[in-house]
Amino acid sequence: MTNRSFSTQSLRAQIFCGLLIAAVTLGLTACGQQLYKFPQFTFANRPIPPSKLATRVMVSVTANGGTSGSLQILDANRDLRNNVQNTKTSFSISGYSSGFPNLILNFPSEITGYVYSNTLGDVQAVNYGTEAVTGPVGPFPAKSTSIAVPPTFAHVYSAEEGAGLLGIVDNTAGKTFALNLPNVFQVVVNTGDTVVLAMVRNSNSLYRVIKLNANQYLTSTAAIAAIGAVDCQPFNLPIYCVIPVNSVNPAAPTAGTFDRPVGAYVSLDGSVVYVLNCGAECGGTTSSVTYLSPGALQVNSYTDSTNPAQQNPNSFLNNVPVKGGVTAAVSDGKTLYVAGQQLQPDGLFAGNLSTINLATNTVTSTTSISDGSHTKILLADDNTLWIGSQLCASGERAARAAQQLAAGQATDQTANYNCLTVVTLPSGSTGISAAIVPAVTQSGTSPVVVPYPNTNQNQFYYGDLTGLCWVQGQHKIYTAYGGQVHAFYTGGTITAANDPAIGTTPPAGSEINNANITVQGTALDVAYMDAVTDAAD
């Protein structure tokens, strides 16, 4: 009886211990799941991705001299490349390996991205829901200098400067067309896929794409002669043509409207196309913004008429000279913010942000920003605007730094030639202000260096800003800056539970420690995959 009682007690103890271990294990497992919990109903019914990350920044990375590449995924909530448990050291888009992926076209509302590889000249589509490549888009006749895709995905447009071709992938017809347009280097499409504009290097002309009526002309030769097109394709029964934009200012009918156009921005309501005239920065004369009517630029509204005014109607609305320079633009609906460079008396260029009041169509302010070729501009949290450029160390700021150092002085912020500018927009009685980030001071005795140097260990200069995205609602932006990932706060109070800075209010432009978000290889571009809208890049 004694032995039986002992056995019974031992068995009970074993059962109790087993249940206790199971309960602890279940609790720990449950806690692990809570780390990456999604709501029952996700935003816009978006799928839960395999990574289980809800605040994802995708980084395009190249390695091995540009022969290979990858698309890495970072947790922008926690500022990590790995999961919290560190059981997975990195996340990436499966199926992607193209070299030098230097451009991401981000469509979070459509749960899709398009990535261009400068090595292969291909465009790969990425499904954000599955975090995988779905396949190539194209092919294109040649490598691209510019890619434009509308959110309808019905077409993909490509400017192929080396070959002098404007490529059109028509997904509705399953065909690719190549229009001859020598030196074309830029292409722009509106969100409705109804206006397609093309820019030619070192030219004061602007071009648009039109789609002919079915069987309208037997050959491209006949179409070109009839409508004054540069080219129409295919040769037999042409479908697409590229023609010069008709934009005549009634106040100066003999003067040219454009001056080295380099891009275009469409108003938020779609009622105006703002053409960005680079002017002196691109070898022209006067930088400006030309307003065009989209109704006169429609791809599908070609009129079969012998009257040129009906075939190609005048699209001109207005022209606003901008002395500060024009290469990039963004709008909040009331103000058009324009970045560019102005030629200085010493022959160098200086960067500026100009604001255009869209009610009066006048320039209301000009603010000094980073020098260089400005290609990135976006609005972000906390009333901030961010501007990125390349080749910043060859402008007025770098020259000023050299002068101050030669005089034995420490450099001030007017001599900071880094490539990222944070602009705090006007609010109440507080006017507009701008700061170059990171803030550095070159000095032999008390230097202020960059917080997190890149691989080249330059203590005062990160390098070109090639990628910029707004992590909406998180009070931060992510960048591809000098070939590595750098993130910055926008100036608001951090409330996200998983953010290391929760409960604090870091100043706008203060840098986040990037030790846990750097990538192996060269970071080329960034995109916020989980943005509410497509305006986060």
# chains A, B, ... in the order shown; residues from 1 in each chain; ligands from 1

call {"tool": "select_by_dssp", "arguments": {"residues": "region 40-192 of chain A", "states": "strand (DSSP E or B)", "output": "MDAnalysis selection string"}}
result
chainID A and resid 56:63 68:75 80 91:92 94 103:107 112:116 123:127 132:137 146:148 155:160 165:170 175:180 184:189

call {"tool": "atom_distance", "arguments": {"atom1": "CA of Gly483 (chain A)", "atom2": "CA of Gln457 (chain A)"}}
result
12.1 Å

call {"tool": "residues_around", "arguments": {"residues": "region 500-506 of chain A", "least_positions_apart": "6", "cutoff": "8 Å", "atoms": "only C-alpha atoms", "output": "short mmCIF file (atom, residue, chain, number, x, y, z; two decimals) with N, CA, C and O atoms, in the first residue's frame"}}
result
data_model
loop_
_atom_site.label_atom_id
_atom_site.label_comp_id
_atom_site.auth_asym_id
_atom_site.auth_seq_id
_atom_site.Cartn_x
_atom_site.Cartn_y
_atom_site.Cartn_z
N ARG A 78 9.60 49.76 -35.02
CA ARG A 78 10.62 49.51 -34.00
C ARG A 78 12.02 49.90 -34.47
O ARG A 78 12.98 49.82 -33.69
N TYR A 489 13.58 61.89 -37.35
CA TYR A 489 12.30 62.27 -36.77
C TYR A 489 11.80 63.57 -37.40
O TYR A 489 12.59 64.42 -37.83
N THR A 490 10.46 63.71 -37.42
CA THR A 490 9.86 64.91 -38.03
C THR A 490 9.47 65.98 -37.02
O THR A 490 8.99 67.04 -37.41
N GLY A 491 9.65 65.70 -35.72
CA GLY A 491 9.44 66.75 -34.73
C GLY A 491 8.23 66.58 -33.82
O GLY A 491 8.01 67.42 -32.95
N GLY A 492 7.47 65.52 -33.98
CA GLY A 492 6.29 65.33 -33.14
C GLY A 492 6.57 64.43 -31.94
O GLY A 492 7.62 63.78 -31.86
N THR A 493 5.62 64.38 -31.03
CA THR A 493 5.74 63.51 -29.86
C THR A 493 5.52 62.06 -30.27
O THR A 493 4.53 61.73 -30.92
N ILE A 494 6.44 61.21 -29.89
CA ILE A 494 6.38 59.80 -30.28
C ILE A 494 5.41 59.06 -29.36
O ILE A 494 5.59 59.03 -28.14
#

call {"tool": "residues_around", "arguments": {"residues": "Asn102 (chain A)", "least_positions_apart": "6", "cutoff": "12 Å", "atoms": "only C-alpha atoms", "output": "number ranges by chain"}}
result
A: 59-63, 66, 68-71, 114-123, 144-147, 465-467, 480, 483, 522-527
